[in-house]
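start18.cif, holding mmCIF, C-alpha atoms:
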data_upload
#
loop_
_atom_site.label_atom_id
_atom_site.label_comp_id
_atom_site.auth_asym_id
_atom_site.auth_seq_id
_atom_site.Cartn_x
_atom_site.Cartn_y
_atom_site.Cartn_z
CA MET A 1 -180.03 70.94 -108.45
CA PHE A 2 -177.90 70.55 -105.33
CA PRO A 3 -178.72 71.77 -101.80
CA PHE A 4 -177.55 75.34 -101.23
CA THR A 5 -177.18 76.74 -97.75
CA ALA A 6 -177.50 80.39 -96.90
CA PRO A 7 -174.18 81.93 -95.80
CA ARG A 8 -173.55 81.79 -92.07
CA PRO A 9 -171.28 84.11 -90.11
CA PRO A 10 -167.66 82.91 -90.02
CA ARG A 11 -166.85 80.56 -87.14
CA ARG A 12 -164.41 81.61 -84.48
CA ARG A 13 -161.03 80.30 -85.39
CA ALA A 14 -159.44 77.34 -83.69
CA LEU A 15 -156.93 78.44 -81.08
CA PHE A 16 -153.59 77.49 -82.65
CA ARG A 17 -150.85 79.22 -84.52
CA PRO A 18 -148.22 77.63 -86.76
CA ALA A 19 -144.77 78.59 -85.54
CA GLY A 20 -143.19 78.91 -88.96
CA ALA A 21 -143.28 77.94 -92.60
CA ALA A 22 -141.01 74.91 -92.68
CA ALA A 23 -142.41 71.71 -94.17
CA LEU A 24 -140.86 68.57 -92.76
CA ALA A 25 -140.40 65.40 -94.80
CA LEU A 26 -141.12 62.19 -92.91
CA GLY A 27 -140.10 58.61 -93.61
CA LEU A 28 -142.09 56.43 -95.94
CA ALA A 29 -143.31 53.72 -93.61
CA ALA A 30 -145.01 53.60 -90.22
CA ALA A 31 -145.48 50.13 -88.85
CA THR A 32 -144.89 47.80 -85.97
CA GLY A 33 -145.93 44.23 -85.56
CA CYS A 34 -145.70 41.21 -87.80
CA SER A 35 -147.94 39.92 -90.56
CA SER A 36 -148.66 36.57 -92.05
CA GLY A 37 -147.97 38.03 -95.53
CA GLY A 38 -151.46 37.04 -96.65
CA GLY A 39 -153.65 39.81 -95.33
CA ALA A 40 -154.67 40.48 -91.73
CA SER A 41 -153.22 38.17 -89.12
CA ASP A 42 -154.67 37.84 -85.65
CA ASP A 43 -153.06 41.10 -84.54
CA THR A 44 -151.88 42.96 -87.67
CA VAL A 45 -153.59 44.69 -90.60
CA LYS A 46 -151.69 45.59 -93.76
CA VAL A 47 -152.50 48.98 -95.31
CA GLY A 48 -151.08 50.05 -98.67
CA LEU A 49 -150.84 53.78 -99.34
CA VAL A 50 -150.17 55.02 -102.89
CA ALA A 51 -149.39 58.74 -103.21
CA SER A 52 -147.37 61.08 -105.42
CA LEU A 53 -144.00 61.23 -103.70
CA SER A 54 -142.37 62.55 -106.87
CA GLY A 55 -143.46 64.69 -109.82
CA THR A 56 -145.88 67.62 -110.09
CA TYR A 57 -148.05 66.58 -107.17
CA GLU A 58 -145.31 65.64 -104.72
CA PRO A 59 -146.50 68.28 -102.20
CA VAL A 60 -149.99 66.74 -102.27
CA GLY A 61 -148.84 63.14 -102.02
CA THR A 62 -146.50 63.94 -99.16
CA GLU A 63 -149.37 65.39 -97.16
CA LEU A 64 -151.60 62.38 -97.88
CA ARG A 65 -148.88 60.16 -96.50
CA ASP A 66 -148.21 62.35 -93.48
CA GLY A 67 -151.90 62.80 -92.63
CA PHE A 68 -152.36 59.03 -92.40
CA LYS A 69 -149.15 58.66 -90.41
CA LEU A 70 -150.26 61.37 -87.99
CA TYR A 71 -153.36 59.39 -87.07
CA LEU A 72 -151.27 56.26 -86.52
CA ASP A 73 -148.70 58.15 -84.48
CA THR A 74 -151.39 59.62 -82.21
CA HIS A 75 -153.20 56.28 -81.81
CA GLY A 76 -150.38 54.01 -80.78
CA GLY A 77 -149.73 52.69 -84.30
CA LYS A 78 -153.01 50.78 -84.20
CA LEU A 79 -156.34 50.84 -86.03
CA GLY A 80 -159.34 49.11 -84.49
CA GLY A 81 -157.07 47.69 -81.81
CA ARG A 82 -154.87 45.95 -84.41
CA LYS A 83 -151.23 46.72 -85.14
CA VAL A 84 -150.78 48.29 -88.57
CA GLU A 85 -148.16 47.58 -91.18
CA LEU A 86 -148.24 50.63 -93.46
CA ILE A 87 -146.55 50.12 -96.83
CA VAL A 88 -146.12 53.29 -98.92
CA ALA A 89 -145.60 53.40 -102.69
CA ASP A 90 -145.00 56.25 -105.16
CA GLU A 91 -147.84 57.18 -107.52
CA GLY A 92 -145.68 59.64 -109.47
CA ASP A 93 -147.57 61.72 -112.05
CA GLY A 94 -150.29 59.19 -112.79
CA PRO A 95 -151.25 55.73 -114.14
CA PRO A 96 -147.88 54.66 -115.62
CA THR A 97 -146.39 54.81 -112.13
CA ALA A 98 -149.52 54.28 -110.02
CA VAL A 99 -150.60 50.96 -111.54
CA PRO A 100 -147.36 49.02 -110.93
CA ALA A 101 -147.10 50.54 -107.45
CA ALA A 102 -150.63 49.45 -106.54
CA THR A 103 -150.16 46.05 -108.20
CA LYS A 104 -147.15 45.31 -106.01
CA LEU A 105 -149.05 46.30 -102.88
CA VAL A 106 -152.04 44.11 -103.75
CA LYS A 107 -150.43 41.06 -105.33
CA LYS A 108 -147.02 40.84 -103.64
CA ASP A 109 -147.48 42.59 -100.31
CA LYS A 110 -151.09 41.37 -100.05
CA VAL A 111 -152.44 44.45 -98.29
CA ASP A 112 -155.92 44.34 -96.77
CA VAL A 113 -156.81 47.92 -97.73
CA LEU A 114 -155.55 50.40 -100.30
CA THR A 115 -155.65 54.15 -99.60
CA GLY A 116 -154.27 57.43 -100.98
CA LEU A 117 -154.16 58.12 -104.76
CA VAL A 118 -153.79 61.77 -105.74
CA GLY A 119 -155.00 61.66 -109.35
CA GLY A 120 -158.41 60.74 -110.76
CA GLY A 121 -156.67 59.02 -113.66
CA SER A 122 -154.77 56.87 -111.18
CA VAL A 123 -158.03 55.86 -109.51
CA ASN A 124 -159.58 54.74 -112.80
CA ALA A 125 -156.45 52.86 -113.79
CA VAL A 126 -156.28 50.97 -110.48
CA LEU A 127 -159.99 50.03 -110.40
CA PRO A 128 -159.66 46.72 -112.31
CA LEU A 129 -157.07 45.59 -109.77
CA ILE A 130 -159.37 46.49 -106.88
CA GLN A 131 -162.37 44.77 -108.40
CA GLN A 132 -160.39 41.62 -109.11
CA ALA A 133 -158.82 41.42 -105.66
CA LYS A 134 -162.00 42.54 -103.86
CA ILE A 135 -160.21 44.75 -101.36
CA PRO A 136 -161.47 48.17 -100.25
CA LEU A 137 -159.99 51.24 -101.94
CA LEU A 138 -160.37 54.05 -99.42
CA GLY A 139 -159.16 56.98 -101.49
CA SER A 140 -158.13 60.16 -99.72
CA ASN A 141 -158.14 62.66 -102.58
CA ALA A 142 -160.66 63.75 -105.20
CA ARG A 143 -161.86 61.08 -107.62
CA PRO A 144 -164.15 60.86 -110.67
CA PRO A 145 -167.52 59.04 -110.64
CA VAL A 146 -167.21 55.23 -110.58
CA GLU A 147 -169.82 52.79 -111.88
CA ASP A 148 -169.00 49.83 -109.64
CA ILE A 149 -168.59 51.35 -106.18
CA GLU A 150 -168.87 48.19 -104.06
CA TYR A 151 -165.23 48.37 -102.92
CA VAL A 152 -164.56 52.03 -103.75
CA TRP A 153 -164.75 54.86 -101.19
CA THR A 154 -163.28 58.33 -100.82
CA THR A 155 -162.86 60.43 -97.69
CA SER A 156 -162.26 63.50 -99.87
CA PHE A 157 -164.90 64.30 -102.53
CA LEU A 158 -165.92 63.81 -106.14
CA SER A 159 -163.77 65.89 -108.47
CA ASP A 160 -166.58 68.06 -109.85
CA GLU A 161 -167.89 69.19 -106.45
CA PRO A 162 -165.61 72.18 -105.69
CA GLY A 163 -166.67 73.94 -108.89
CA ARG A 164 -170.33 73.12 -108.31
CA ALA A 165 -170.14 74.50 -104.79
CA ILE A 166 -168.61 77.87 -105.70
CA ALA A 167 -170.32 78.59 -109.05
CA PRO A 168 -173.43 80.26 -107.54
CA TYR A 169 -171.27 82.48 -105.32
CA ILE A 170 -169.16 83.62 -108.28
CA LYS A 171 -172.28 84.26 -110.36
CA GLU A 172 -173.62 86.50 -107.58
CA LYS A 173 -170.38 88.40 -106.92
CA VAL A 174 -168.90 88.88 -110.39
CA ASP A 175 -170.54 91.42 -112.67
CA GLY A 176 -169.69 89.89 -116.02
CA PRO A 177 -168.09 86.91 -117.78
CA VAL A 178 -165.65 84.55 -116.03
CA TYR A 179 -162.65 82.90 -117.71
CA ALA A 180 -162.14 79.18 -116.96
CA ILE A 181 -158.69 77.57 -117.26
CA GLY A 182 -157.19 74.30 -116.04
CA PRO A 183 -154.75 71.42 -116.72
CA ASP A 184 -155.47 69.05 -119.60
CA TYR A 185 -155.91 65.71 -117.83
CA GLN A 186 -158.77 63.88 -116.17
CA GLY A 187 -158.60 65.60 -112.79
CA GLY A 188 -158.55 69.02 -114.46
CA HIS A 189 -161.43 68.10 -116.75
CA ASP A 190 -163.54 66.92 -113.80
CA GLU A 191 -162.79 69.97 -111.64
CA LEU A 192 -163.48 72.52 -114.37
CA ARG A 193 -166.58 70.68 -115.64
CA GLY A 194 -168.14 71.00 -112.21
CA PHE A 195 -167.76 74.77 -112.35
CA THR A 196 -168.62 75.41 -116.00
CA ASP A 197 -171.68 73.13 -116.07
CA GLU A 198 -173.15 74.69 -112.95
CA PHE A 199 -172.17 78.23 -113.96
CA LYS A 200 -173.87 77.86 -117.33
CA ARG A 201 -176.92 76.23 -115.72
CA ILE A 202 -177.48 79.32 -113.58
CA LYS A 203 -177.05 81.58 -116.62
CA GLY A 204 -173.44 82.58 -116.07
CA LYS A 205 -171.32 83.43 -119.10
CA LEU A 206 -167.78 82.23 -119.80
CA ALA A 207 -165.32 84.74 -121.24
CA ASN A 208 -163.40 81.99 -123.09
CA PRO A 209 -163.61 82.09 -126.89
CA GLY A 210 -166.48 79.84 -127.92
CA GLY A 211 -167.53 79.48 -124.29
CA GLU A 212 -165.18 76.52 -123.79
CA THR A 213 -162.59 75.99 -121.03
CA THR A 214 -158.95 76.70 -121.92
CA TRP A 215 -156.66 73.73 -121.25
CA THR A 216 -152.93 73.87 -120.44
CA PRO A 217 -150.73 70.82 -121.24
CA PHE A 218 -150.12 68.63 -118.16
CA PRO A 219 -147.67 68.22 -116.52
CA LYS A 220 -145.26 70.21 -118.67
CA THR A 221 -146.81 73.71 -118.47
CA THR A 222 -144.67 75.99 -116.30
CA ASN A 223 -145.08 79.29 -118.20
CA PHE A 224 -148.62 80.62 -117.91
CA MET A 225 -147.88 84.14 -119.16
CA PRO A 226 -149.06 83.47 -122.74
CA TYR A 227 -152.39 82.25 -121.36
CA PHE A 228 -152.75 85.34 -119.17
CA ALA A 229 -152.06 87.53 -122.20
CA GLU A 230 -154.93 85.81 -124.02
CA ILE A 231 -157.26 86.30 -121.03
CA ALA A 232 -156.43 90.02 -121.07
CA LYS A 233 -157.82 90.25 -124.62
CA THR A 234 -161.26 89.03 -123.47
CA ASP A 235 -163.98 90.78 -121.46
CA ALA A 236 -163.34 88.58 -118.41
CA LYS A 237 -164.21 90.12 -115.05
CA ALA A 238 -162.76 87.23 -113.03
CA VAL A 239 -160.90 83.92 -113.48
CA TYR A 240 -161.74 80.44 -112.18
CA CYS A 241 -159.07 77.74 -112.27
CA PHE A 242 -157.86 74.50 -110.76
CA TYR A 243 -154.17 73.79 -110.22
CA ALA A 244 -152.29 72.04 -107.42
CA GLY A 245 -148.76 71.18 -106.38
CA LYS A 246 -145.86 72.78 -108.25
CA ALA A 247 -148.12 74.03 -111.05
CA ALA A 248 -150.09 76.05 -108.49
CA ILE A 249 -146.93 77.87 -107.40
CA ASP A 250 -146.09 78.87 -110.97
CA PHE A 251 -149.67 79.90 -111.71
CA ALA A 252 -150.11 82.14 -108.66
CA LYS A 253 -146.72 83.84 -108.89
CA GLN A 254 -147.10 84.59 -112.59
CA TYR A 255 -150.72 85.70 -112.21
CA ALA A 256 -149.64 88.38 -109.74
CA GLN A 257 -147.13 89.72 -112.31
CA SER A 258 -149.46 89.54 -115.32
CA ASP A 259 -151.72 92.00 -117.13
CA ILE A 260 -154.74 90.42 -115.40
CA ALA A 261 -153.44 90.68 -111.83
CA ASP A 262 -156.35 93.00 -110.98
CA LEU A 263 -158.98 90.37 -111.91
CA PRO A 264 -160.37 88.42 -108.93
CA LEU A 265 -159.03 84.86 -108.92
CA TYR A 266 -161.29 82.03 -107.71
CA THR A 267 -159.92 78.52 -107.47
CA ALA A 268 -159.90 75.07 -106.05
CA PHE A 269 -156.53 74.12 -104.52
CA VAL A 270 -154.19 76.78 -105.96
CA THR A 271 -153.32 78.08 -102.47
CA GLU A 272 -153.76 74.84 -100.53
CA GLY A 273 -150.88 73.31 -98.62
CA SER A 274 -147.18 74.06 -98.53
CA VAL A 275 -147.49 75.83 -101.90
CA LEU A 276 -148.94 78.85 -100.08
CA GLN A 277 -145.63 79.58 -98.36
CA ALA A 278 -143.83 79.22 -101.69
CA GLN A 279 -146.29 81.62 -103.37
CA GLY A 280 -145.82 84.27 -100.70
CA PRO A 281 -147.47 87.68 -101.26
CA ALA A 282 -148.55 86.64 -104.78
CA ALA A 283 -151.30 84.54 -103.18
CA LYS A 284 -152.85 87.39 -101.17
CA ASP A 285 -156.63 87.80 -101.64
CA ILE A 286 -157.08 84.66 -103.80
CA TYR A 287 -160.46 83.00 -103.09
CA SER A 288 -160.70 79.22 -102.89
CA VAL A 289 -163.38 76.60 -102.33
CA LEU A 290 -162.67 73.49 -100.27
CA ASN A 291 -164.21 71.07 -97.80
CA TYR A 292 -161.82 72.16 -95.04
CA ALA A 293 -160.23 75.25 -93.53
CA ALA A 294 -157.53 75.09 -90.88
CA ASP A 295 -159.33 77.67 -88.69
CA LEU A 296 -162.63 75.77 -88.31
CA ASP A 297 -163.57 75.82 -84.66
CA ASN A 298 -164.58 72.35 -83.54
CA GLU A 299 -163.06 69.91 -81.08
CA ALA A 300 -161.87 67.42 -83.70
CA ASN A 301 -160.08 70.17 -85.65
CA ARG A 302 -158.48 71.66 -82.56
CA THR A 303 -156.96 68.26 -81.79
CA PHE A 304 -155.94 67.56 -85.38
CA ALA A 305 -154.51 71.04 -85.98
CA ALA A 306 -152.52 71.03 -82.74
CA ASP A 307 -151.06 67.58 -83.46
CA TRP A 308 -150.24 68.50 -87.06
CA THR A 309 -148.55 71.82 -86.28
CA ALA A 310 -146.54 70.20 -83.50
CA LYS A 311 -145.01 67.86 -86.08
CA HIS A 312 -144.93 70.02 -89.20
CA ASP A 313 -144.66 73.65 -88.04
CA THR A 314 -147.35 74.76 -90.52
CA GLN A 315 -151.13 74.70 -90.87
CA PRO A 316 -152.86 71.43 -91.83
CA THR A 317 -154.50 71.06 -95.23
CA THR A 318 -157.44 69.27 -96.82
CA TYR A 319 -155.01 66.64 -98.17
CA ALA A 320 -153.67 65.79 -94.73
CA MET A 321 -157.15 66.00 -93.20
CA ALA A 322 -158.75 63.59 -95.70
CA SER A 323 -155.98 61.05 -95.23
CA TYR A 324 -156.20 61.45 -91.45
CA ASP A 325 -159.92 60.77 -91.83
CA ALA A 326 -159.18 57.68 -93.94
CA ALA A 327 -157.24 56.29 -90.99
CA ALA A 328 -160.10 57.28 -88.65
CA VAL A 329 -162.58 55.44 -90.89
CA LEU A 330 -160.41 52.34 -90.86
CA ASP A 331 -160.00 52.62 -87.08
CA LYS A 332 -163.75 52.35 -86.61
CA ALA A 333 -164.33 49.84 -89.42
CA ILE A 334 -161.64 47.40 -88.30
CA ALA A 335 -162.93 47.53 -84.73
CA ASP A 336 -166.47 46.81 -85.98
CA ALA A 337 -165.25 43.97 -88.21
CA ALA A 338 -163.39 42.41 -85.28
CA LYS A 339 -166.58 42.40 -83.19
CA ASP A 340 -168.34 40.36 -85.84
CA GLY A 341 -165.53 37.84 -86.41
CA ASP A 342 -162.54 37.77 -88.75
CA VAL A 343 -160.89 40.96 -89.98
CA THR A 344 -160.54 40.53 -93.75
CA PRO A 345 -160.74 42.89 -96.74
CA ARG A 346 -164.39 41.93 -97.22
CA THR A 347 -165.39 42.37 -93.58
CA ILE A 348 -163.56 45.71 -93.42
CA ASN A 349 -165.41 46.85 -96.55
CA LYS A 350 -168.75 45.77 -95.07
CA ALA A 351 -167.96 47.63 -91.86
CA ILE A 352 -167.12 50.84 -93.76
CA ALA A 353 -170.57 50.70 -95.34
CA GLY A 354 -172.21 50.63 -91.92
CA LEU A 355 -170.24 53.37 -90.14
CA GLY A 356 -172.69 56.25 -90.27
CA GLN A 357 -171.51 59.71 -89.19
CA ILE A 358 -167.78 60.47 -88.92
CA ASP A 359 -166.56 63.10 -86.43
CA SER A 360 -163.99 65.01 -88.47
CA PRO A 361 -161.85 68.18 -88.40
CA ARG A 362 -163.92 69.41 -91.37
CA GLY A 363 -167.16 68.94 -89.40
CA ALA A 364 -169.32 65.82 -89.18
CA TRP A 365 -169.91 63.90 -92.43
CA GLU A 366 -171.00 60.49 -93.67
CA PHE A 367 -170.62 58.40 -96.81
CA GLY A 368 -173.41 58.79 -99.35
CA ASP A 369 -175.04 55.64 -100.69
CA LYS A 370 -174.83 56.54 -104.40
CA ALA A 371 -171.15 57.38 -104.80
CA HIS A 372 -169.52 56.38 -101.47
CA SER A 373 -168.25 59.95 -101.14
CA PRO A 374 -168.74 62.32 -98.19
CA VAL A 375 -171.93 64.32 -97.72
CA GLN A 376 -170.27 67.44 -96.36
CA THR A 377 -170.11 71.23 -96.16
CA TRP A 378 -168.06 73.30 -98.59
CA TYR A 379 -166.34 76.50 -97.49
CA LEU A 380 -165.23 79.74 -99.12
CA ARG A 381 -161.76 80.79 -97.99
CA GLN A 382 -159.55 83.78 -98.81
CA VAL A 383 -155.80 84.21 -98.43
CA ARG A 384 -155.41 86.84 -95.73
CA PRO A 385 -152.83 87.75 -93.07
CA ASP A 386 -153.15 85.47 -90.03
CA GLY A 387 -150.71 86.82 -87.50
CA ALA A 388 -147.34 87.08 -89.20
CA GLN A 389 -148.25 84.71 -92.03
CA LEU A 390 -150.71 84.41 -94.90
CA ALA A 391 -153.36 81.72 -94.49
CA ASN A 392 -156.51 80.40 -96.15
CA VAL A 393 -159.04 82.00 -93.81
CA MET A 394 -162.61 80.67 -93.79
CA VAL A 395 -165.09 83.31 -95.00
CA GLN A 396 -168.44 81.46 -95.11
CA ASP A 397 -170.23 78.20 -95.83
CA LEU A 398 -171.15 77.72 -99.50
CA ALA A 399 -173.12 74.50 -99.95
CA THR A 400 -173.70 70.95 -98.75
CA LEU A 401 -172.90 68.35 -101.41
CA GLY A 402 -172.33 64.62 -101.60
CA SER A 403 -173.94 61.37 -102.66
#

What does this structure look like when you write it as structure tokens?
Amino acid sequence: MFPFTAPRPPRRRALFRPAGAAALALGLAAATGCSSGGGASDDTVKVGLVASLSGTYEPVGTELRDGFKLYLDTHGGKLGGRKVELIVADEGDGPPTAVPAATKLVKKDKVDVLTGLVGGGSVNAVLPLIQQAKIPLLGSNARPPVEDIEYVWTTSFLSDEPGRAIAPYIKEKVDGPVYAIGPDYQGGHDELRGFTDEFKRIKGKLANPGGETTWTPFPKTTNFMPYFAEIAKTDAKAVYCFYAGKAAIDFAKQYAQSDIADLPLYTAFVTEGSVLQAQGPAAKDIYSVLNYAADLDNEANRTFAADWTAKHDTQPTTYAMASYDAAAVLDKAIADAAKDGDVTPRTINKAIAGLGQIDSPRGAWEFGDKAHSPVQTWYLRQVRPDGAQLANVMVQDLATLGS
């Protein structure tokens, strides 16, 4: 059983407003300084960032890249007092693209740290490279459990945690069975398993035939209407799903036009990021569970949100926040490594392990010892009007998870 916190009243929202809905594309690299080409020199650290800059999850990968760049841009292009050479590579839709991209960064560019990675499948595929090279992988999106975690960290979360966090809330609020649906690949399996396992454990019932999650082919599914027609034939009283990027836009727009549009929709990620503007009114009232909301009222978030909206003219997201935090972690770790002597992949990794609490826009968190993932609060949000725009507005705390 995981810790479950009683709901607290919503926090006052941070005092910022996005000026519009435009999403700006930035360049791929952010770096000054020179490097020896063999890891950290006396004044430069090489960071490799792999993210989906093409394919289904391009909106997610773009925000991972831009979140890291934002931290560099607001900290003089340095981490831990060292100049940073940031080398960005395209993860595409998964392992076939991610592995060669990461291999080039590690073996040819000889980066000191690897960060980013949108997909859980990409993480698993890159692990042998990380373990062989013995460089820290500081992932900034959800990942599956990993057996050998010595050099593996994430500033985001484990992929099953969103579903685990929201399952008790849905069980309490929905009077009847819930239909579970998601994309047929590792990240989808992990996300939906977190929900269905916890929902069944607390005696919730799935409306799916046979009590098993319905899977949609990934990444080729763009027409969800046949699936919605099947849901309408069941006794479902609500739907839980996980989709992100371009698939999330299709899902939300079609859901609002389907025979099940009146069923409450609970999700991880469907309304997160620039996809919300593309979804428009179709996203209104959708509930989501995440480790961040743009209206959290704390000093770190006020700074982050103001800096982000100044550059991007839209609200920040969990993707940008987790990558921003990855840079913040490296800032502290590299500084600590420098105090103790040489800055190398191994000393950076050792310093990450000893950081303790991180002051973050999501609220304070720290790495757990068992999985090297954040011990953090999860929030319930709902798409509601926020001024002239729709936004994911924080409703309440749900749970504290992490290990």

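This file gives the following result for the PyMOL selection byres ((chain A and resi 256) around 12): A:Phe224, A:Met225, A:Phe228, A:Ile249, A:Asp250, A:Phe251, A:Ala252, A:Lys253, A:Gln254, A:Tyr255, A:Gln257, A:Ser258, A:Asp259, A:Ile260, A:Ala261, A:Asp262, A:Leu263, A:Pro264, A:Leu265, A:Gln279, A:Gly280, A:Pro281, A:Ala282, A:Ala283, A:Lys284, A:Asp285, A:Ile286.
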
Write the selection just made, keeping C-alpha atoms, as a PDB file, keeping the file's coordinate frame?
ATOM      1  CA  PHE A 224    -148.620  80.620-117.910  1.00  0.00           C
ATOM      2  CA  MET A 225    -147.880  84.140-119.160  1.00  0.00           C
ATOM      3  CA  PHE A 228    -152.750  85.340-119.170  1.00  0.00           C
ATOM      4  CA  ILE A 249    -146.930  77.870-107.400  1.00  0.00           C
ATOM      5  CA  ASP A 250    -146.090  78.870-110.970  1.00  0.00           C
ATOM      6  CA  PHE A 251    -149.670  79.900-111.710  1.00  0.00           C
ATOM      7  CA  ALA A 252    -150.110  82.140-108.660  1.00  0.00           C
ATOM      8  CA  LYS A 253    -146.720  83.840-108.890  1.00  0.00           C
ATOM      9  CA  GLN A 254    -147.100  84.590-112.590  1.00  0.00           C
ATOM     10  CA  TYR A 255    -150.720  85.700-112.210  1.00  0.00           C
ATOM     11  CA  GLN A 257    -147.130  89.720-112.310  1.00  0.00           C
ATOM     12  CA  SER A 258    -149.460  89.540-115.320  1.00  0.00           C
ATOM     13  CA  ASP A 259    -151.720  92.000-117.130  1.00  0.00           C
ATOM     14  CA  ILE A 260    -154.740  90.420-115.400  1.00  0.00           C
ATOM     15  CA  ALA A 261    -153.440  90.680-111.830  1.00  0.00           C
ATOM     16  CA  ASP A 262    -156.350  93.000-110.980  1.00  0.00           C
ATOM     17  CA  LEU A 263    -158.980  90.370-111.910  1.00  0.00           C
ATOM     18  CA  PRO A 264    -160.370  88.420-108.930  1.00  0.00           C
ATOM     19  CA  LEU A 265    -159.030  84.860-108.920  1.00  0.00           C
ATOM     20  CA  GLN A 279    -146.290  81.620-103.370  1.00  0.00           C
ATOM     21  CA  GLY A 280    -145.820  84.270-100.700  1.00  0.00           C
ATOM     22  CA  PRO A 281    -147.470  87.680-101.260  1.00  0.00           C
ATOM     23  CA  ALA A 282    -148.550  86.640-104.780  1.00  0.00           C
ATOM     24  CA  ALA A 283    -151.300  84.540-103.180  1.00  0.00           C
ATOM     25  CA  LYS A 284    -152.850  87.390-101.170  1.00  0.00           C
ATOM     26  CA  ASP A 285    -156.630  87.800-101.640  1.00  0.00           C
ATOM     27  CA  ILE A 286    -157.080  84.660-103.800  1.00  0.00           C
TER      28      ILE A 286
END

Could you jot down the atom CA of A:Val270 to atom CA of A:Lys246 separation for me, Å, one decimal place?
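Here the two named atoms are 9.5 Å from each other.
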
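Picture a line from atom CA of A:Thr267 to atom CA of A:Thr314; it runs 21.4 Å.
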
Set the distance at 8 Å and use only C-alpha atoms: which residues neighbour stretch 380-385 of chain A once local chain neighbours fewer than 4 positions away are removed? I'd like the list as a ChimeraX atom specification.
/A:166,271,283-290,293,389-398

Residues returned when the PyMOL selection byres ((chain A and resi 54-58) around 8) runs on this file, as a PyMOL selection string:
chain A and resi 52-53+59-62+90-93+118+219+244-247

Calculated over only C-alpha atoms, which of the candidates A:Asp359, A:Asp160, A:Glu150, A:Glu198 has the smallest distance to A:Asn301?
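For A:Asn301, the nearest of the given residues is A:Asp359.
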
Using the chain letters and numbering of this document, enumerate as a PyMOL selection string the residues selected by the PyMOL selection byres ((chain A and resi 158) around 6).
chain A and resi 142-144+157+159-161

Using only C-alpha atoms and a cutoff of 6 Å, can you tell me which residues are near (-155.6, 73.3, -87.3) in the file's coordinates, and write them out as a list in words?
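Every residue inside that radius is included here: Ala294, Asp295, Asn301, Arg302, Ala305, Ala306, Gln315 and Pro316 of chain A.
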
Could the residues in this selection be saved with C-alpha atoms as a PDB file, keeping the file's coordinate frame?
ATOM      1  CA  ALA A 294    -157.530  75.090 -90.880  1.00  0.00           C
ATOM      2  CA  ASP A 295    -159.330  77.670 -88.690  1.00  0.00           C
ATOM      3  CA  ASN A 301    -160.080  70.170 -85.650  1.00  0.00           C
ATOM      4  CA  ARG A 302    -158.480  71.660 -82.560  1.00  0.00           C
ATOM      5  CA  ALA A 305    -154.510  71.040 -85.980  1.00  0.00           C
ATOM      6  CA  ALA A 306    -152.520  71.030 -82.740  1.00  0.00           C
ATOM      7  CA  GLN A 315    -151.130  74.700 -90.870  1.00  0.00           C
ATOM      8  CA  PRO A 316    -152.860  71.430 -91.830  1.00  0.00           C
TER       9      PRO A 316
END

Measure the distance from atom CA of A:Val375 to atom CA of A:Ala399 in Å and round it to one decimal.
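Distance reported for this atom pair: 10.5 Å.
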
Place a sphere of radius 6 Å on (-150.9, 49.6, -102.2) in the file coordinates and name every protein, DNA or RNA residue with an atom inside or on its surface, counting all atoms listed in the file; give the answer as a ChimeraX atom specification.
/A:48-50,102,105-106,114

Could you give me, as number ranges by chain, the residues within 8 Å of A:Phe218, counting all atoms listed in the file and dropping anything in the same chain fewer than 2 positions from it?
A: 183-185, 216, 220-221

From the options A:Leu137, A:Ala125, A:Ala337, A:Ile352, which residue's atoms come nearest to A:Val47, counting only C-alpha atoms?
A:Leu137

As JSON, please: the centre and edge lengths in Å, to one decimal, of an axis-aligned box enclosing every listed atom of stretch 48-67 of chain A with 5 Å added on each side.
{"center_x": -147.1, "center_y": 59.2, "center_z": -101.4, "size_x": 19.5, "size_y": 28.2, "size_z": 27.5}

Between A:Lys83, A:Ala322, A:Thr74, A:Leu129, which has the minimum distance to A:Pro361 (counting only C-alpha atoms)?
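For A:Pro361, the nearest of the candidates is A:Ala322.
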
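Using all atoms listed in the file, the nearest neighbour of A:Ala327 within the list A:Leu138, A:Val111, A:Val343, A:Leu355 is A:Leu138.
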
For A:Thr318, which residue out of A:Ile334, A:Ala278, A:Ala268, A:Ile135 is the nearest one, using all atoms listed in the file?
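Under the stated criterion, the closest residue is A:Ala268.
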
Nearest to A:Ala300 among A:Ser360, A:Ser140, A:Thr344, A:Thr196, with distances taken over only C-alpha atoms: which residue is it?
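Using only C-alpha atoms, the shortest distance to A:Ala300 belongs to A:Ser360.
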
Using all atoms listed in the file, which residues sit within 8 Å of A:Gly121 once same-chain residues fewer than 2 positions away are excluded, as a list in words?
Gly94, Pro95, Gly119, Val123, Asn124, Ala125, Tyr185, Gln186 and Gly187 of chain A
